[in-house]
$ cat coords_0.csv   # CSV, C-alpha atoms
chain,number,residue,atom,x,y,z
A,1361,MET,CA,23.8,-22.0,36.2
A,1362,GLY,CA,27.3,-23.2,35.9
A,1363,GLU,CA,27.7,-27.0,35.7
A,1364,VAL,CA,25.6,-27.6,32.6
A,1365,SER,CA,26.0,-31.2,31.3
A,1366,ARG,CA,23.2,-31.5,28.8
A,1367,LYS,CA,22.6,-29.4,25.7
A,1368,ARG,CA,20.5,-26.4,26.5
A,1369,ASP,CA,17.9,-25.2,24.1
A,1370,ARG,CA,17.7,-21.7,22.7
A,1371,LEU,CA,15.1,-20.4,25.2
A,1372,GLU,CA,17.0,-21.8,28.1
A,1373,VAL,CA,20.3,-20.2,27.0
A,1374,ILE,CA,18.6,-16.8,26.7
A,1375,TYR,CA,17.0,-17.3,30.1
A,1376,ASP,CA,20.4,-18.2,31.6
A,1377,ILE,CA,22.1,-15.1,30.1
A,1378,LEU,CA,19.4,-12.8,31.3
A,1379,LYS,CA,19.3,-14.3,34.7
A,1380,LEU,CA,23.1,-13.8,35.0
A,1381,ILE,CA,22.7,-10.1,34.2
A,1382,SER,CA,19.8,-9.8,36.6
A,1383,ASN,CA,21.7,-11.6,39.4
A,1384,ASN,CA,24.6,-9.2,39.0
A,1385,ASN,CA,22.6,-6.2,40.0
A,1386,ASN,CA,21.6,-5.7,36.4
A,1387,SER,CA,25.0,-4.6,35.3
A,1388,ILE,CA,27.8,-6.9,34.1
A,1389,LYS,CA,30.8,-6.5,31.8
A,1390,PRO,CA,30.8,-8.6,28.5
A,1391,THR,CA,33.8,-10.8,29.4
A,1392,PRO,CA,32.5,-12.1,32.8
A,1393,LEU,CA,29.2,-12.6,31.1
A,1394,LEU,CA,30.7,-14.7,28.4
A,1395,ARG,CA,32.7,-16.8,30.9
A,1396,LYS,CA,29.7,-17.4,33.2
A,1397,SER,CA,27.4,-18.3,30.3
A,1398,ASN,CA,29.3,-21.5,29.4
A,1399,LEU,CA,29.1,-20.7,25.7
A,1400,SER,CA,31.8,-20.5,23.1
A,1401,SER,CA,32.7,-17.0,22.0
A,1402,SER,CA,31.0,-17.4,18.6
A,1403,SER,CA,27.8,-18.8,20.2
A,1404,PHE,CA,27.8,-16.1,22.8
A,1405,ALA,CA,28.3,-13.4,20.1
A,1406,SER,CA,25.3,-14.7,18.1
A,1407,TYR,CA,23.1,-14.9,21.2
A,1408,PHE,CA,24.2,-11.4,22.3
A,1409,ILE,CA,23.4,-9.9,18.9
A,1410,GLU,CA,19.9,-11.6,19.1
A,1411,LEU,CA,19.3,-10.3,22.6
A,1412,VAL,CA,20.2,-6.7,21.5
A,1413,GLU,CA,18.1,-7.0,18.4
A,1414,LYS,CA,15.1,-8.2,20.5
A,1415,GLU,CA,15.7,-5.4,22.9
A,1416,PHE,CA,16.2,-7.7,25.9
A,1417,VAL,CA,19.5,-6.1,26.8
A,1418,LYS,CA,21.4,-3.0,26.1
A,1419,GLU,CA,25.0,-2.1,26.2
A,1420,LEU,CA,26.0,1.0,28.1
A,1421,GLU,CA,29.3,2.8,28.4
A,1422,ASP,CA,30.5,4.5,31.6
A,1423,SER,CA,32.5,7.7,31.7
A,1424,LYS,CA,35.8,5.7,31.5
A,1425,GLY,CA,34.6,4.0,28.3
A,1426,LYS,CA,34.0,0.6,30.0
A,1427,LYS,CA,31.1,-1.4,28.6
A,1428,TYR,CA,28.3,-2.8,30.7
A,1429,ILE,CA,25.3,-4.9,29.8
A,1430,THR,CA,22.0,-4.3,31.4
A,1431,LEU,CA,18.5,-5.7,31.0
A,1432,THR,CA,15.7,-3.7,29.5
A,1433,ASP,CA,12.1,-3.9,30.6
A,1434,LYS,CA,11.5,-6.5,27.9
A,1435,GLY,CA,14.3,-8.5,29.2
A,1436,PHE,CA,12.8,-8.5,32.7
A,1437,LYS,CA,9.5,-9.4,31.2
A,1438,TYR,CA,11.1,-12.5,29.5
A,1439,LEU,CA,12.6,-13.6,32.9
A,1440,GLU,CA,9.2,-13.2,34.6
A,1441,LYS,CA,7.3,-15.1,31.9
A,1442,TYR,CA,9.9,-17.8,31.1
A,1443,ARG,CA,8.4,-20.4,33.4
A,1444,TRP,CA,5.0,-19.9,31.9
A,1445,ILE,CA,6.4,-20.0,28.3
A,1446,LEU,CA,8.2,-23.2,29.0
A,1447,GLY,CA,5.0,-24.7,30.6
A,1448,PHE,CA,3.0,-23.7,27.5
A,1449,ILE,CA,5.5,-25.2,25.1
A,1450,GLU,CA,5.6,-28.4,27.0
A,1451,ASP,CA,1.9,-28.6,27.6
A,1452,PHE,CA,1.1,-28.2,23.9
A,1453,ASP,CA,4.1,-30.3,22.6
A,1454,LEU,CA,5.4,-27.4,20.7
B,919,MET,CA,-36.2,-11.5,1.9
B,920,LEU,CA,-37.9,-14.8,1.2
B,921,MET,CA,-36.2,-17.9,2.7
B,922,PRO,CA,-36.2,-21.2,1.0
B,923,PRO,CA,-38.6,-23.7,2.8
B,924,PHE,CA,-35.8,-26.0,4.0
B,925,LEU,CA,-34.0,-23.3,5.9
B,926,ASP,CA,-35.3,-22.9,9.4
B,927,PRO,CA,-34.4,-19.4,10.9
B,928,VAL,CA,-33.8,-21.1,14.2
B,929,ARG,CA,-31.2,-23.4,12.6
B,930,LEU,CA,-29.6,-20.4,10.9
B,931,GLY,CA,-29.5,-18.6,14.3
B,932,VAL,CA,-27.9,-21.6,16.0
B,933,GLU,CA,-25.4,-22.0,13.2
B,934,PHE,CA,-24.5,-18.3,13.4
B,935,ALA,CA,-24.1,-18.5,17.2
B,936,TYR,CA,-22.0,-21.6,16.9
B,937,SER,CA,-19.7,-20.2,14.2
B,938,ALA,CA,-19.3,-16.9,16.1
B,939,ILE,CA,-18.3,-18.6,19.3
B,940,VAL,CA,-15.8,-20.8,17.7
B,941,VAL,CA,-14.3,-18.0,15.6
B,942,PHE,CA,-14.1,-15.9,18.7
B,943,LEU,CA,-12.3,-18.6,20.7
B,944,CYS,CA,-9.8,-19.2,17.8
B,945,ILE,CA,-9.0,-15.5,17.5
B,946,PHE,CA,-8.7,-15.4,21.3
B,947,VAL,CA,-6.0,-18.1,21.3
B,948,TYR,CA,-4.2,-16.3,18.5
B,949,PHE,CA,-4.1,-12.9,20.3
B,950,ARG,CA,-3.5,-14.3,23.8
B,951,THR,CA,-0.3,-16.1,22.6
B,952,LYS,CA,1.0,-13.0,20.7
B,953,GLU,CA,3.2,-11.8,23.6
B,954,MET,CA,4.6,-15.2,24.2
B,955,PHE,CA,5.6,-15.4,20.5
B,956,SER,CA,6.9,-11.9,20.3
B,957,LEU,CA,9.2,-12.6,23.3
B,958,THR,CA,10.5,-15.9,22.1
B,959,LYS,CA,10.0,-16.1,18.3
B,960,HIS,CA,9.5,-19.8,19.0
B,961,LYS,CA,8.5,-21.7,15.8
B,962,GLY,CA,6.3,-24.1,17.6
B,963,ILE,CA,4.3,-21.2,19.1
B,964,GLN,CA,4.2,-19.6,15.7
B,965,TYR,CA,2.7,-22.7,14.0
B,966,PHE,CA,0.3,-23.2,16.9
B,967,ARG,CA,-1.0,-19.6,16.7
B,968,THR,CA,-1.2,-19.7,12.9
B,969,ALA,CA,-3.2,-23.0,13.1
B,970,PHE,CA,-5.9,-21.3,15.2
B,971,LEU,CA,-5.9,-18.2,13.1
B,972,PHE,CA,-6.7,-20.4,10.1
B,973,PHE,CA,-9.2,-22.5,12.1
B,974,GLY,CA,-11.0,-19.2,12.9
B,975,LEU,CA,-11.0,-18.3,9.2
B,976,ALA,CA,-12.2,-21.8,8.3
B,977,TYR,CA,-15.1,-21.7,10.6
B,978,ALA,CA,-16.0,-18.1,9.4
B,979,SER,CA,-15.9,-19.2,5.8
B,980,ARG,CA,-17.8,-22.3,6.6
B,981,PHE,CA,-20.7,-20.1,7.9
B,982,ILE,CA,-20.5,-18.0,4.7
B,983,PHE,CA,-20.6,-21.2,2.7
B,984,TYR,CA,-23.6,-22.3,4.8
B,985,ILE,CA,-25.7,-19.2,4.0
B,986,ILE,CA,-24.7,-19.3,0.3
B,987,GLN,CA,-25.4,-23.0,0.1
B,988,PHE,CA,-29.0,-22.5,1.2
B,989,GLY,CA,-29.5,-19.6,-1.0
B,990,ILE,CA,-30.1,-16.8,1.4
B,991,SER,CA,-27.2,-14.7,0.6
B,992,SER,CA,-28.0,-11.1,-0.4
B,993,PHE,CA,-24.6,-11.1,-2.2
B,994,ASP,CA,-26.5,-12.9,-5.0
B,995,ILE,CA,-27.7,-9.6,-6.1
B,996,PHE,CA,-24.1,-8.5,-7.0
B,997,VAL,CA,-22.4,-11.9,-7.6
B,998,PRO,CA,-24.2,-14.9,-8.9
B,999,ARG,CA,-24.5,-17.9,-6.6
B,1000,ARG,CA,-22.8,-20.2,-9.2
B,1001,ILE,CA,-19.6,-18.1,-8.5
B,1002,LEU,CA,-20.1,-17.5,-4.8
B,1003,PHE,CA,-20.8,-21.2,-4.0
B,1004,PRO,CA,-17.4,-22.6,-5.3
B,1005,LEU,CA,-15.6,-19.6,-4.2
B,1006,SER,CA,-16.8,-19.8,-0.5
B,1007,PHE,CA,-16.3,-23.6,-0.5
B,1008,SER,CA,-12.7,-23.2,-1.8
B,1009,LEU,CA,-12.0,-20.8,1.1
B,1010,VAL,CA,-13.4,-23.4,3.5
B,1011,ALA,CA,-11.1,-26.1,1.9
B,1012,TYR,CA,-8.0,-23.9,1.9
B,1013,PHE,CA,-8.3,-22.4,5.4
B,1014,SER,CA,-9.1,-25.7,7.0
B,1015,THR,CA,-6.3,-27.6,5.3
B,1016,ILE,CA,-3.8,-25.0,6.3
B,1017,ALA,CA,-5.1,-25.0,9.9
B,1018,LEU,CA,-4.8,-28.8,10.1
B,1019,ALA,CA,-1.3,-28.8,8.5
B,1020,TYR,CA,0.0,-26.1,10.9
B,1021,LEU,CA,-1.5,-27.9,13.9
B,1022,VAL,CA,0.2,-31.1,13.1
B,1023,TYR,CA,3.5,-29.4,12.2
B,1024,SER,CA,3.5,-27.4,15.5
B,1025,THR,CA,4.1,-30.7,17.3
B,1026,PHE,CA,6.9,-32.2,15.3
B,1027,TRP,CA,8.7,-29.3,13.6
B,1028,LYS,CA,11.8,-30.0,15.8
B,1029,ARG,CA,12.2,-33.5,14.4
B,1030,PHE,CA,11.3,-32.6,10.9
B,1031,ASN,CA,12.4,-29.0,10.4
B,1032,HIS,CA,11.4,-28.5,6.8
B,1033,LYS,CA,12.6,-25.3,5.2
B,1034,HIS,CA,9.8,-25.3,2.7
B,1035,PHE,CA,6.9,-26.2,5.0
B,1036,ILE,CA,4.9,-23.1,4.1
B,1037,LEU,CA,5.2,-23.9,0.4
B,1038,PHE,CA,4.5,-27.6,1.0
B,1039,SER,CA,1.4,-26.9,3.1
B,1040,ASN,CA,0.1,-24.4,0.5
B,1041,ILE,CA,0.5,-27.0,-2.3
B,1042,ILE,CA,-1.5,-29.5,-0.3
B,1043,ALA,CA,-4.2,-26.9,0.5
B,1044,LEU,CA,-4.4,-25.9,-3.2
B,1045,ILE,CA,-4.8,-29.6,-4.2
B,1046,VAL,CA,-7.7,-29.8,-1.7
B,1047,VAL,CA,-9.1,-26.6,-3.1
B,1048,LEU,CA,-9.0,-28.1,-6.6
B,1049,ILE,CA,-10.7,-31.2,-5.4
B,1050,SER,CA,-13.4,-29.1,-3.6
B,1051,TYR,CA,-13.9,-27.1,-6.8
B,1052,LEU,CA,-14.3,-30.2,-8.9
B,1053,THR,CA,-16.5,-32.1,-6.5
B,1054,ARG,CA,-18.3,-29.3,-4.7
B,1055,SER,CA,-18.7,-31.8,-1.9
B,1056,PRO,CA,-17.9,-31.1,1.8
B,1057,LEU,CA,-17.8,-34.8,2.4
B,1058,MET,CA,-15.1,-35.3,-0.2
B,1059,VAL,CA,-13.0,-32.5,1.4
B,1060,ALA,CA,-13.4,-34.3,4.7
B,1061,MET,CA,-12.3,-37.5,3.1
B,1062,VAL,CA,-9.2,-35.8,1.6
B,1063,GLN,CA,-8.4,-34.2,4.9
B,1064,LEU,CA,-8.7,-37.6,6.7
B,1065,PRO,CA,-5.0,-38.5,6.0
B,1066,ILE,CA,-4.0,-35.4,8.0
B,1067,LEU,CA,-6.1,-36.7,10.9
B,1068,GLY,CA,-4.5,-40.1,10.4
B,1069,PHE,CA,-1.1,-38.4,10.6
B,1070,ILE,CA,-2.1,-36.7,13.9
B,1071,LEU,CA,-3.0,-40.2,15.2
B,1072,PHE,CA,0.3,-41.6,14.0
B,1073,VAL,CA,2.5,-38.8,15.4
B,1074,ASN,CA,0.8,-38.8,18.8
B,1075,TYR,CA,0.7,-42.6,19.0
B,1076,ARG,CA,4.5,-42.7,18.7
B,1077,LYS,CA,4.9,-40.1,21.5
B,1078,LYS,CA,4.9,-41.8,24.9
B,1079,LYS,CA,4.0,-38.6,26.8
B,1080,SER,CA,1.8,-36.4,24.7
B,1081,HIS,CA,-0.3,-33.8,26.4
B,1082,THR,CA,-2.2,-32.9,23.3
B,1083,LYS,CA,-2.9,-36.4,22.0
B,1084,TYR,CA,-6.7,-36.2,22.4
B,1085,LEU,CA,-7.1,-32.5,22.2
B,1086,TYR,CA,-5.7,-32.1,18.7
B,1087,LEU,CA,-7.4,-35.3,17.6
B,1088,LEU,CA,-10.8,-34.0,18.8
B,1089,LEU,CA,-10.2,-30.5,17.2
B,1090,SER,CA,-9.6,-32.2,13.8
B,1091,LEU,CA,-12.3,-34.7,14.2
B,1092,PHE,CA,-14.9,-32.1,15.0
B,1093,TRP,CA,-13.9,-30.1,12.0
B,1094,MET,CA,-14.5,-33.0,9.8
B,1095,ILE,CA,-17.8,-33.8,11.5
B,1096,ASN,CA,-18.7,-30.2,10.8
B,1097,LEU,CA,-18.0,-30.7,7.1
B,1098,ILE,CA,-20.0,-33.9,7.1
B,1099,VAL,CA,-22.9,-32.2,8.9
B,1100,ILE,CA,-23.0,-29.4,6.3
B,1101,HIS,CA,-22.9,-32.0,3.6
B,1102,SER,CA,-25.8,-34.1,4.9
B,1103,ARG,CA,-27.6,-31.4,6.9
B,1104,ARG,CA,-31.0,-32.3,5.7
B,1105,PHE,CA,-30.6,-35.9,6.9
B,1106,ILE,CA,-29.2,-35.1,10.4
B,1107,PRO,CA,-31.8,-34.2,13.1
B,1108,PHE,CA,-31.5,-30.7,14.5
B,1109,GLU,CA,-31.0,-32.1,18.0
B,1110,TRP,CA,-28.0,-34.1,16.9
B,1111,GLU,CA,-26.5,-31.1,15.2
B,1112,ILE,CA,-26.9,-29.1,18.4
B,1113,ILE,CA,-25.3,-31.9,20.5
B,1114,LEU,CA,-22.3,-32.0,18.1
B,1115,GLN,CA,-22.0,-28.2,18.2
B,1116,VAL,CA,-22.0,-28.1,22.0
B,1117,LEU,CA,-19.4,-30.9,22.1
B,1118,SER,CA,-17.3,-29.0,19.6
B,1119,VAL,CA,-17.5,-25.8,21.6
B,1120,GLY,CA,-16.6,-27.8,24.7
B,1121,VAL,CA,-13.4,-28.9,23.0
B,1122,PHE,CA,-12.5,-25.3,22.2
B,1123,VAL,CA,-13.4,-24.1,25.7
B,1124,TYR,CA,-11.1,-26.9,27.1
B,1125,LEU,CA,-8.3,-25.6,24.8
B,1126,ILE,CA,-8.8,-22.0,26.1
B,1127,TYR,CA,-8.6,-23.3,29.6
B,1128,ARG,CA,-5.3,-25.0,28.8
B,1129,VAL,CA,-4.0,-21.9,27.1
B,1130,LEU,CA,-5.1,-19.6,30.0
B,1131,LYS,CA,-3.2,-21.8,32.5
B,1132,TRP,CA,0.0,-20.5,31.0
B,1133,VAL,CA,-0.9,-17.1,29.5
B,1134,LYS,CA,-1.5,-14.8,32.4

$ encode --input "coords_0.csv" --output "structure tokens"
Amino acid sequence: MGEVSRKRDRLEVIYDILKLISNNNNSIKPTPLLRKSNLSSSSFASYFIELVEKEFVKELEDSKGKKYITLTDKGFKYLEKYRWILGFIEDFDL
Amino acid sequence: MLMPPFLDPVRLGVEFAYSAIVVFLCIFVYFRTKEMFSLTKHKGIQYFRTAFLFFGLAYASRFIFYIIQFGISSFDIFVPRRILFPLSFSLVAYFSTIALAYLVYSTFWKRFNHKHFILFSNIIALIVVLISYLTRSPLMVAMVQLPILGFILFVNYRKKKSHTKYLYLLLSLFWMINLIVIHSRRFIPFEWEIILQVLSVGVFVYLIYRVLKWVK
């Protein structure tokens, strides 16, 4: 992640965002996640809404009112299956 | 129930086994890719799955058409054969055209993302249904579907690295051979029919092998 020169496709962006959360002990604040994801604020917002709707991530609030983003079981499953999904898409020219 | 003299029970059994295997394999592909689709909502996966759902329906309706064509359907008691025959054949024409259209579109939807693809494919399928109704000829339906096969050839020929070039071509080709076989069944030796069916099942088994490589 980080130096991304080519345009990433939708599945790859989702994978990168989920991987960032997972690599951060499954807990990251929204602002660092936006920064590390290499996306514009508007793109990030739309991806984030999609991830929440798909139940890949959830937003939690600690006792001080600070927001954290964590992966759900479905999010972990996506990370686990990502390589297979990409392989399938490539193999069948989808 | 009396069977017409031209219908061999062995042939009927083989036809049933063949249809059941292919329908099972198509439905298997559809359900095994369900999780992949629900995780990604990827349009290519969606079109691919839908193609095999419709292939399954096409092969199932082809078998129903087969038993009605040779006059052994007990449905005749409730619905006359003159209604059942065009009805079952229209289903064959509709499901198979949709299956072929989705299969082709699954490979190039990124380059040609048409908003009205579902409407467009249904219009084509309904035109094929109309032709099937007017001609009542599986051979004619195969001829009308031939341009779709030509399109598969064209799309894959342009791709330098295509993993599905021959697989999709064979799937479509065998479907059309199946239509031709059902059209001219009385002139095709039973042994040839079995060879074609075994080869057709082989293509589906190879497809399943390819799917199972990625769907754990």

$ atom_distance --input "coords_0.csv" --atom1 "CA of Lys1434 in chain A" --atom2 "CA of Ser1024 in chain B"
25.6 Å

$ interface_residues --input "coords_0.csv" --of "chain A" --to "chain B" --cutoff "8 Å" --atoms "only C-alpha atoms" --output "PDB file with C-alpha atoms, in the coordinates of the input"
ATOM      1  CA  LEU A1371      15.100 -20.400  25.200  1.00  0.00           C
ATOM      2  CA  LYS A1414      15.100  -8.200  20.500  1.00  0.00           C
ATOM      3  CA  LYS A1434      11.500  -6.500  27.900  1.00  0.00           C
ATOM      4  CA  TYR A1438      11.100 -12.500  29.500  1.00  0.00           C
ATOM      5  CA  TRP A1444       5.000 -19.900  31.900  1.00  0.00           C
ATOM      6  CA  ILE A1445       6.400 -20.000  28.300  1.00  0.00           C
ATOM      7  CA  GLY A1447       5.000 -24.700  30.600  1.00  0.00           C
ATOM      8  CA  PHE A1448       3.000 -23.700  27.500  1.00  0.00           C
ATOM      9  CA  ILE A1449       5.500 -25.200  25.100  1.00  0.00           C
ATOM     10  CA  ASP A1451       1.900 -28.600  27.600  1.00  0.00           C
ATOM     11  CA  PHE A1452       1.100 -28.200  23.900  1.00  0.00           C
ATOM     12  CA  ASP A1453       4.100 -30.300  22.600  1.00  0.00           C
ATOM     13  CA  LEU A1454       5.400 -27.400  20.700  1.00  0.00           C
TER      14      LEU A1454
END

$ residues_around --input "coords_0.csv" --residues "Ser1397 in chain A" --least-positions-apart "4" --cutoff "12 Å" --atoms "all atoms listed in the file" --output "list in words"
Met1361, Gly1362, Glu1363, Val1364, Arg1368, Glu1372, Val1373, Ile1374, Tyr1375, Asp1376, Ile1377, Leu1378, Lys1379, Leu1380, Ile1381, Pro1390, Thr1391, Pro1392, Leu1393, Ser1401, Ser1403, Phe1404, Ala1405, Tyr1407 and Phe1408 of chain A

$ residues_near_point --input "coords_0.csv" --point "(-1.7, -26.1, 10.5)" --cutoff "10 Å" --atoms "all atoms listed in the file" --output "list in words"
Tyr965, Phe966, Arg967, Thr968, Ala969, Phe970, Leu971, Phe972, Phe973, Phe1013, Ser1014, Thr1015, Ile1016, Ala1017, Leu1018, Ala1019, Tyr1020, Leu1021, Val1022, Tyr1023, Ser1024, Ile1036, Ser1039 and Ile1066 of chain B

$ write_last_selection --input "coords_0.csv" --atoms "C-alpha atoms" --output "PDB file, keeping the file's coordinate frame"
ATOM      1  CA  TYR B 965       2.700 -22.700  14.000  1.00  0.00           C
ATOM      2  CA  PHE B 966       0.300 -23.200  16.900  1.00  0.00           C
ATOM      3  CA  ARG B 967      -1.000 -19.600  16.700  1.00  0.00           C
ATOM      4  CA  THR B 968      -1.200 -19.700  12.900  1.00  0.00           C
ATOM      5  CA  ALA B 969      -3.200 -23.000  13.100  1.00  0.00           C
ATOM      6  CA  PHE B 970      -5.900 -21.300  15.200  1.00  0.00           C
ATOM      7  CA  LEU B 971      -5.900 -18.200  13.100  1.00  0.00           C
ATOM      8  CA  PHE B 972      -6.700 -20.400  10.100  1.00  0.00           C
ATOM      9  CA  PHE B 973      -9.200 -22.500  12.100  1.00  0.00           C
ATOM     10  CA  PHE B1013      -8.300 -22.400   5.400  1.00  0.00           C
ATOM     11  CA  SER B1014      -9.100 -25.700   7.000  1.00  0.00           C
ATOM     12  CA  THR B1015      -6.300 -27.600   5.300  1.00  0.00           C
ATOM     13  CA  ILE B1016      -3.800 -25.000   6.300  1.00  0.00           C
ATOM     14  CA  ALA B1017      -5.100 -25.000   9.900  1.00  0.00           C
ATOM     15  CA  LEU B1018      -4.800 -28.800  10.100  1.00  0.00           C
ATOM     16  CA  ALA B1019      -1.300 -28.800   8.500  1.00  0.00           C
ATOM     17  CA  TYR B1020       0.000 -26.100  10.900  1.00  0.00           C
ATOM     18  CA  LEU B1021      -1.500 -27.900  13.900  1.00  0.00           C
ATOM     19  CA  VAL B1022       0.200 -31.100  13.100  1.00  0.00           C
ATOM     20  CA  TYR B1023       3.500 -29.400  12.200  1.00  0.00           C
ATOM     21  CA  SER B1024       3.500 -27.400  15.500  1.00  0.00           C
ATOM     22  CA  ILE B1036       4.900 -23.100   4.100  1.00  0.00           C
ATOM     23  CA  SER B1039       1.400 -26.900   3.100  1.00  0.00           C
ATOM     24  CA  ILE B1066      -4.000 -35.400   8.000  1.00  0.00           C
TER      25      ILE B1066
END

$ atom_distance --input "coords_0.csv" --atom1 "CA of Ile1042 in chain B" --atom2 "CA of Met1058 in chain B"
14.8 Å

$ residues_around --input "coords_0.csv" --residues "Ala1043 in chain B" --least-positions-apart "3" --cutoff "6 Å" --atoms "all atoms listed in the file" --output "mmCIF file with C-alpha atoms, in the frame of the given file"
data_model
loop_
_atom_site.group_PDB
_atom_site.id
_atom_site.type_symbol
_atom_site.label_atom_id
_atom_site.label_comp_id
_atom_site.auth_asym_id
_atom_site.auth_seq_id
_atom_site.Cartn_x
_atom_site.Cartn_y
_atom_site.Cartn_z
ATOM 1 C CA TYR B 1012 -8.000 -23.900 1.900
ATOM 2 C CA THR B 1015 -6.300 -27.600 5.300
ATOM 3 C CA ASN B 1040 0.100 -24.400 0.500
ATOM 4 C CA VAL B 1046 -7.700 -29.800 -1.700
#

$ closest_residue --input "coords_0.csv" --among "A:Ile1388, A:Lys1441, A:Ser1400, A:Glu1413" --to "Tyr1428 in chain A" --atoms "all atoms listed in the file"
A:Ile1388

$ atom_distance --input "coords_0.csv" --atom1 "CA of Thr1432 in chain A" --atom2 "CA of Asn1385 in chain A"
12.8 Å

$ residues_around --input "coords_0.csv" --residues "Val940 in chain B" --least-positions-apart "3" --cutoff "10 Å" --atoms "all atoms listed in the file" --output "NGL selection string"
:B and (935-937 or 943-946 or 973-974 or 977-978 or 1115 or 1118-1123)
